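Participant: The structure file my_file.cif (mmCIF, C-alpha atoms) is provided below.
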data_work
loop_
_atom_site.label_atom_id
_atom_site.label_comp_id
_atom_site.auth_asym_id
_atom_site.auth_seq_id
_atom_site.Cartn_x
_atom_site.Cartn_y
_atom_site.Cartn_z
CA MET I 1 0.00 0.00 0.00
CA LYS I 2 1.19 3.48 -0.73
CA THR I 3 -0.33 6.93 -0.74
CA ILE I 4 -0.39 9.88 -3.09
CA ALA I 5 -0.91 13.33 -1.61
CA ALA I 6 -3.59 15.63 -2.92
CA THR I 7 -3.63 19.28 -3.79
CA VAL I 8 -6.37 21.63 -4.95
CA ILE I 9 -6.23 22.93 -8.51
CA ASN I 10 -9.04 25.15 -9.78
CA GLU I 11 -11.13 24.14 -6.76
CA VAL I 12 -10.79 20.42 -7.56
CA VAL I 13 -8.91 18.00 -5.32
CA THR I 14 -6.24 16.44 -7.52
CA PRO I 15 -3.41 13.95 -6.97
CA ILE I 16 0.07 15.50 -7.05
CA GLU I 17 1.33 12.72 -9.32
CA PRO I 18 -0.32 10.35 -11.83
CA MET I 19 -2.27 7.52 -10.28
CA PRO I 20 -1.03 4.04 -11.22
CA SER I 21 -3.04 2.01 -13.72
CA ASP I 22 -2.06 -1.38 -12.31
CA ALA I 23 -3.27 -1.01 -8.72
CA LYS I 24 -5.94 -3.27 -7.23
CA LEU I 25 -7.95 -0.36 -5.84
CA ILE I 26 -7.57 3.38 -5.32
CA VAL I 27 -9.40 5.18 -2.52
CA PHE I 28 -9.55 8.89 -1.91
CA ASN I 29 -10.35 9.03 1.82
CA GLY I 30 -10.85 12.75 2.18
CA THR I 31 -7.17 13.45 2.73
CA GLU I 32 -5.05 11.42 0.33
CA TYR I 33 -5.23 8.79 -2.38
CA VAL I 34 -4.54 5.32 -0.97
CA ILE I 35 -3.19 2.86 -3.53
CA TYR I 36 -3.88 -0.81 -2.79
CA GLU I 37 -1.58 -3.24 -4.58
CA ASP I 38 -1.30 -7.00 -4.92
CA GLY I 39 -1.24 -8.58 -1.48
CA ASP I 40 -2.92 -5.67 0.31
CA GLU I 41 -6.14 -6.34 2.19
CA LEU I 42 -8.86 -4.39 0.42
CA PRO I 43 -11.41 -2.32 2.35
CA SER I 44 -15.09 -2.80 1.66
CA PHE I 45 -17.54 -0.07 0.77
CA GLU I 46 -21.31 0.01 0.34
CA MET B 1 7.35 -17.66 -42.57
CA GLU B 2 8.23 -14.04 -41.87
CA LEU B 3 5.09 -12.03 -41.02
CA SER B 4 6.60 -8.63 -40.42
CA ASN B 5 5.87 -6.02 -43.07
CA PRO B 6 9.07 -4.10 -43.69
CA LEU B 7 7.15 -1.39 -45.58
CA ILE B 8 5.32 -0.15 -42.47
CA SER B 9 7.67 1.48 -40.01
CA GLU B 10 6.90 1.70 -36.32
CA TYR B 11 7.02 4.86 -34.21
CA THR B 12 5.59 6.20 -31.01
CA TRP B 13 3.07 9.04 -31.19
CA ALA B 14 5.68 11.43 -29.83
CA ASN B 15 8.51 10.47 -32.18
CA LYS B 16 6.61 9.95 -35.43
CA PRO B 17 8.18 11.77 -38.38
CA SER B 18 7.44 15.47 -38.71
CA VAL B 19 7.00 14.97 -42.45
CA ALA B 20 3.90 12.98 -43.45
CA PRO B 21 4.16 12.12 -47.18
CA LEU B 22 0.80 11.67 -48.90
CA GLY B 23 -0.15 7.99 -48.85
CA GLN B 24 2.64 6.83 -46.55
CA ILE B 25 1.40 4.50 -43.82
CA ILE B 26 3.04 4.11 -40.42
CA CYS B 27 2.23 2.14 -37.27
CA VAL B 28 2.12 4.07 -34.00
CA THR B 29 2.82 1.50 -31.34
CA ASP B 30 1.92 3.30 -28.11
CA VAL B 31 -1.68 4.31 -28.82
CA GLY B 32 -4.51 1.90 -28.09
CA GLU B 33 -4.26 -1.72 -27.07
CA ASN B 34 -1.67 -2.70 -29.67
CA GLY B 35 -0.96 0.34 -31.82
CA ILE B 36 -2.74 2.14 -34.66
CA LEU B 37 -2.12 2.78 -38.35
CA CYS B 38 -1.82 6.34 -39.62
CA ARG B 39 -1.60 7.62 -43.19
CA GLY B 40 0.13 10.79 -44.28
CA ASP B 41 -1.96 13.45 -46.01
CA GLY B 42 1.03 15.49 -47.12
CA ALA B 43 1.10 17.52 -43.93
CA LYS B 44 -0.02 15.41 -40.98
CA TRP B 45 -0.38 11.80 -39.90
CA ILE B 46 -4.09 10.95 -39.94
CA ARG B 47 -5.42 8.07 -37.85
CA MET B 48 -6.95 5.50 -40.21
CA HIS B 49 -9.38 3.81 -37.84
CA GLN B 50 -11.04 4.07 -34.45
CA VAL B 51 -9.09 3.14 -31.38
CA ASN B 52 -10.02 2.10 -27.87
CA LEU B 53 -7.73 4.57 -26.15
CA TYR B 54 -8.38 3.65 -22.53
CA ASN B 55 -10.07 1.01 -20.39
CA LEU B 56 -10.17 1.32 -16.61
CA ALA B 57 -8.51 -1.58 -14.79
CA THR B 58 -8.51 -0.17 -11.25
CA PRO B 59 -11.68 0.81 -9.35
CA VAL B 60 -11.45 4.27 -7.79
CA VAL B 61 -13.42 5.08 -4.63
CA LEU B 62 -14.30 8.57 -3.43
CA THR B 63 -15.35 9.16 0.18
CA GLY B 64 -14.58 11.38 3.17
CA THR B 65 -14.98 14.79 1.54
CA THR B 66 -17.59 17.07 0.03
CA SER B 67 -15.07 18.71 -2.29
CA GLU B 68 -15.03 17.99 -5.99
CA THR B 69 -12.30 15.36 -6.39
CA THR B 70 -10.45 13.92 -9.35
CA MET B 71 -11.09 10.20 -9.75
CA LEU B 72 -9.37 9.56 -13.08
CA THR B 73 -7.14 11.38 -15.56
CA VAL B 74 -6.49 10.09 -19.08
CA SER B 75 -4.38 11.98 -21.62
CA ILE B 76 -5.72 12.28 -25.17
CA PRO B 77 -2.65 12.74 -27.41
CA ALA B 78 -2.29 15.90 -29.48
CA SER B 79 -4.11 15.73 -32.84
CA LEU B 80 -5.27 12.14 -32.32
CA MET B 81 -8.91 13.15 -32.85
CA ASN B 82 -8.33 14.78 -36.25
CA LYS B 83 -10.75 17.33 -37.72
CA ARG B 84 -13.69 14.93 -37.92
CA GLY B 85 -12.93 12.70 -34.97
CA ARG B 86 -15.18 11.92 -32.03
CA ALA B 87 -14.33 10.97 -28.47
CA MET B 88 -16.80 8.45 -27.08
CA ILE B 89 -16.83 7.91 -23.32
CA TYR B 90 -18.67 5.25 -21.36
CA VAL B 91 -18.57 5.37 -17.55
CA LEU B 92 -20.05 3.16 -14.82
CA PHE B 93 -20.28 4.11 -11.15
CA SER B 94 -21.55 2.37 -8.05
CA LEU B 95 -22.90 4.66 -5.34
CA THR B 96 -24.28 4.70 -1.83
CA ASN B 97 -28.00 4.24 -2.37
CA ASN B 98 -29.58 7.12 -0.42
CA ALA B 99 -31.15 10.53 -0.98
CA ASN B 100 -27.87 12.46 -0.72
CA ALA B 101 -26.66 13.98 -3.98
CA LYS B 102 -23.58 12.58 -5.71
CA THR B 103 -22.40 14.64 -8.68
CA VAL B 104 -20.07 13.23 -11.31
CA LYS B 105 -18.47 15.11 -14.18
CA VAL B 106 -16.45 14.27 -17.28
CA LYS B 107 -14.15 17.04 -18.50
CA VAL B 108 -11.89 17.40 -21.51
CA GLY B 109 -9.28 20.14 -21.57
CA GLY B 110 -10.94 21.67 -18.52
CA ALA B 111 -14.38 21.90 -20.18
CA THR B 112 -17.19 19.88 -18.63
CA ILE B 113 -18.80 17.74 -21.32
CA ILE B 114 -20.94 15.52 -19.05
CA THR B 115 -22.39 16.26 -15.64
CA PHE B 116 -24.95 14.27 -13.70
CA THR B 117 -26.29 14.32 -10.16
CA SER B 118 -27.46 11.01 -8.79
CA THR B 119 -29.73 10.21 -5.84
CA ASN B 120 -31.31 6.95 -4.72
CA GLN B 121 -29.27 4.83 -7.13
CA ASN B 122 -26.70 2.16 -6.46
CA LEU B 123 -25.49 2.07 -10.07
CA LEU B 124 -25.07 4.83 -12.62
CA GLY B 125 -24.05 4.44 -16.25
CA LEU B 126 -23.17 7.48 -18.33
CA SER B 127 -22.10 7.90 -21.90
CA GLY B 128 -21.39 10.88 -24.09
CA TRP B 129 -19.42 12.17 -26.99
CA LEU B 130 -17.40 15.14 -28.13
CA LEU B 131 -17.33 15.70 -31.89
CA ASN B 132 -14.81 17.78 -33.79
CA LEU B 133 -16.76 19.92 -36.30
CA ASN B 134 -14.42 19.64 -39.28
CA SER B 135 -12.00 21.59 -37.12
CA GLU B 136 -9.56 20.58 -34.43
CA THR B 137 -10.66 23.53 -32.28
CA SER B 138 -14.47 23.45 -32.53
CA GLN B 139 -16.73 20.80 -31.00
CA LYS B 140 -20.23 19.86 -30.00
CA SER B 141 -21.17 17.33 -27.34
CA ASN B 142 -24.16 15.00 -27.15
CA SER B 143 -25.88 17.61 -24.96
CA ALA B 144 -25.67 20.09 -27.90
CA ALA B 145 -23.21 22.27 -26.01
CA SER B 146 -20.45 23.95 -28.03
CA PHE B 147 -16.78 23.90 -27.11
CA THR B 148 -13.54 25.39 -28.39
CA ILE B 149 -11.05 22.85 -27.08
CA ASP B 150 -7.74 22.86 -28.95
CA THR B 151 -7.28 19.18 -29.84
CA THR B 152 -4.00 19.91 -31.62
CA ILE B 153 -2.49 19.76 -28.15
CA ALA B 154 -2.72 16.92 -25.63
CA ASN B 155 -5.78 17.25 -23.42
CA ASP B 156 -6.63 15.45 -20.22
CA LEU B 157 -9.96 13.71 -19.89
CA VAL B 158 -10.77 14.02 -16.19
CA ILE B 159 -13.57 12.32 -14.25
CA THR B 160 -14.51 13.95 -10.94
CA GLY B 161 -16.94 13.15 -8.17
CA GLN B 162 -18.51 15.26 -5.47
CA LEU B 163 -20.50 14.08 -2.48
CA ALA B 164 -23.14 16.09 -0.59
CA ASN B 165 -22.43 13.89 2.44
CA ALA B 166 -18.81 12.94 3.11
CA GLY B 167 -19.93 9.65 4.64
CA ASP B 168 -21.18 8.37 1.28
CA THR B 169 -19.11 6.74 -1.44
CA VAL B 170 -18.94 6.89 -5.21
CA THR B 171 -16.89 4.23 -6.95
CA LEU B 172 -15.71 4.49 -10.52
CA THR B 173 -15.90 0.89 -11.71
CA ALA B 174 -15.63 0.99 -15.51
CA VAL B 175 -14.47 3.47 -18.15
CA SER B 176 -14.03 3.07 -21.88
CA LEU B 177 -12.69 5.91 -24.01
CA GLU B 178 -12.82 5.44 -27.77
CA ILE B 179 -11.55 7.84 -30.41
CA ILE B 180 -13.57 7.33 -33.58
#
Could you write out this structure as structure tokens?

Facilitator:
Amino acid sequence: MKTIAATVINEVVTPIEPMPSDAKLIVFNGTEYVIYEDGDELPSFE
Amino acid sequence: MELSNPLISEYTWANKPSVAPLGQIICVTDVGENGILCRGDGAKWIRMHQVNLYNLATPVVLTGTTSETTMLTVSIPASLMNKRGRAMIYVLFSLTNNANAKTVKVKVGGATIITFTSTNQNLLGLSGWLLNLNSETSQKSNSAASFTIDTTIANDLVITGQLANAGDTVTLTAVSLEII
């Protein structure tokens, strides 16, 4: 698991670097983008 | 038996020749699932066929904020659309099924081409298109809106989400972007 910080550009929350295309799941949790990779336990959402 | 065609040279979109002789065909290897063919018109390399430019492989979840938040960014290469090209976008979301508003937007080059606010749905499918009007800088969308996006430069297609209640979730589960 790794994280990507967020910034605000033109009033839109935006990652500071490109998000990976090969992750298992990406979650923006209100603060940062959390990148789940192979082997990480995935959270569940409604 | 040798299958390679030595008459069709391979390039990337960025390093294709600046000269595009009329009738010359090249293969651009880094666009689409396995490359595209382009034909010179004497000035530019023109894409010869439609291409599935992007398919989402990673679900993206938005929660914990009421701010508009980027969920996906896809770059559309400079001049890939051509004067008469069309970008077709198909998007599927899953959402918390309650009365709180969840707004999703699709933008190209900073211009919003699709916007939709969902309530009381657990799934939302959207589709739309952006059509170049015989010009690389003049478009209409499927909502009849007009745009002046310069498609001779690379433009980001951006999908955003915004929650009325930060405790809800919106999940981007499928995206297909075709350039026709």

Participant: Report as a list in words the full result of the PyMOL selection byres ((chain I) within 8 of (chain B)) when it is applied to this structure.

Facilitator: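 When the PyMOL selection byres ((chain I) within 8 of (chain B)) is applied, the selected residues are Glu11, Val12, Val13, Thr14, Pro15, Pro18, Met19, Ser21, Asp22, Ala23, Lys24, Leu25, Ile26, Val27, Phe28, Asn29, Gly30, Thr31, Phe45 and Glu46 of chain I.
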
Participant: Rounded to one decimal place, report the CA of Glu10 in chain B-CA of Gly23 in chain B distance in Å.

Facilitator: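 CA of Gly23 in chain B lies 15.7 Å from CA of Glu10 in chain B.
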
Participant: In Å, with one decimal, what is the gap from CA of Trp129 in chain B to CA of Gly42 in chain B?

Facilitator: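 According to the coordinates, CA of Trp129 in chain B and CA of Gly42 in chain B are separated by 28.9 Å.
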
Participant: Can you list, as a list in words, every protein, DNA or RNA residue that comes within 9 Å of Met81 in chain B when you count all atoms listed in the file, leaving out same-chain residues fewer than 5 positions away?

Facilitator: Ile46, Arg47, Ile76, Arg86, Ala87, Leu131, Asn132, Glu136, Thr151, Thr152, Ile179 and Ile180 of chain B

Participant: Any chance you can output those residues with C-alpha atoms as a PDB file, in the frame of the given file?

Facilitator:
ATOM      1  CA  ILE B  46      -4.090  10.950 -39.940  1.00  0.00           C
ATOM      2  CA  ARG B  47      -5.420   8.070 -37.850  1.00  0.00           C
ATOM      3  CA  ILE B  76      -5.720  12.280 -25.170  1.00  0.00           C
ATOM      4  CA  ARG B  86     -15.180  11.920 -32.030  1.00  0.00           C
ATOM      5  CA  ALA B  87     -14.330  10.970 -28.470  1.00  0.00           C
ATOM      6  CA  LEU B 131     -17.330  15.700 -31.890  1.00  0.00           C
ATOM      7  CA  ASN B 132     -14.810  17.780 -33.790  1.00  0.00           C
ATOM      8  CA  GLU B 136      -9.560  20.580 -34.430  1.00  0.00           C
ATOM      9  CA  THR B 151      -7.280  19.180 -29.840  1.00  0.00           C
ATOM     10  CA  THR B 152      -4.000  19.910 -31.620  1.00  0.00           C
ATOM     11  CA  ILE B 179     -11.550   7.840 -30.410  1.00  0.00           C
ATOM     12  CA  ILE B 180     -13.570   7.330 -33.580  1.00  0.00           C
TER      13      ILE B 180
END

Participant: Residues picked by the PyMOL selection byres ((chain I and resi 40) around 12) here, as a list in words?

Facilitator: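 In the shown coordinates, the PyMOL selection byres ((chain I and resi 40) around 12) covers Met1, Lys2, Ala23, Lys24, Leu25, Ile26, Val34, Ile35, Tyr36, Glu37, Asp38, Gly39, Glu41, Leu42 and Pro43 of chain I.
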
Participant: In Å, rounded to a single decimal, give me how far CA of Ala101 in chain B is from CA of Thr117 in chain B.

Facilitator: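 These atoms are spaced 6.2 Å apart.
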
Participant: Neighbours of Lys44 in chain B within 9 Å (all atoms listed in the file; same-chain residues fewer than 4 positions away dropped), as an MDAnalysis selection string?

Facilitator: chainID B and resid 18:22 39:40

Participant: Write to file, as a PDB file, in the frame of the given file, the residues of the selection just made, with C-alpha atoms.

Facilitator:
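And here's again-v5.pdb as it stands now:
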ATOM      1  CA  SER B  18       7.440  15.470 -38.710  1.00  0.00           C
ATOM      2  CA  VAL B  19       7.000  14.970 -42.450  1.00  0.00           C
ATOM      3  CA  ALA B  20       3.900  12.980 -43.450  1.00  0.00           C
ATOM      4  CA  PRO B  21       4.160  12.120 -47.180  1.00  0.00           C
ATOM      5  CA  LEU B  22       0.800  11.670 -48.900  1.00  0.00           C
ATOM      6  CA  ARG B  39      -1.600   7.620 -43.190  1.00  0.00           C
ATOM      7  CA  GLY B  40       0.130  10.790 -44.280  1.00  0.00           C
TER       8      GLY B  40
END

Participant: Select, from B:Ile149, B:Val31, B:Leu157, B:Leu37, the residue with the minimum atom-to-atom distance to Ile8 in chain B, counting all atoms listed in the file.

Facilitator: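 Checking each candidate against Ile8 in chain B, we get B:Leu37 as the closest.
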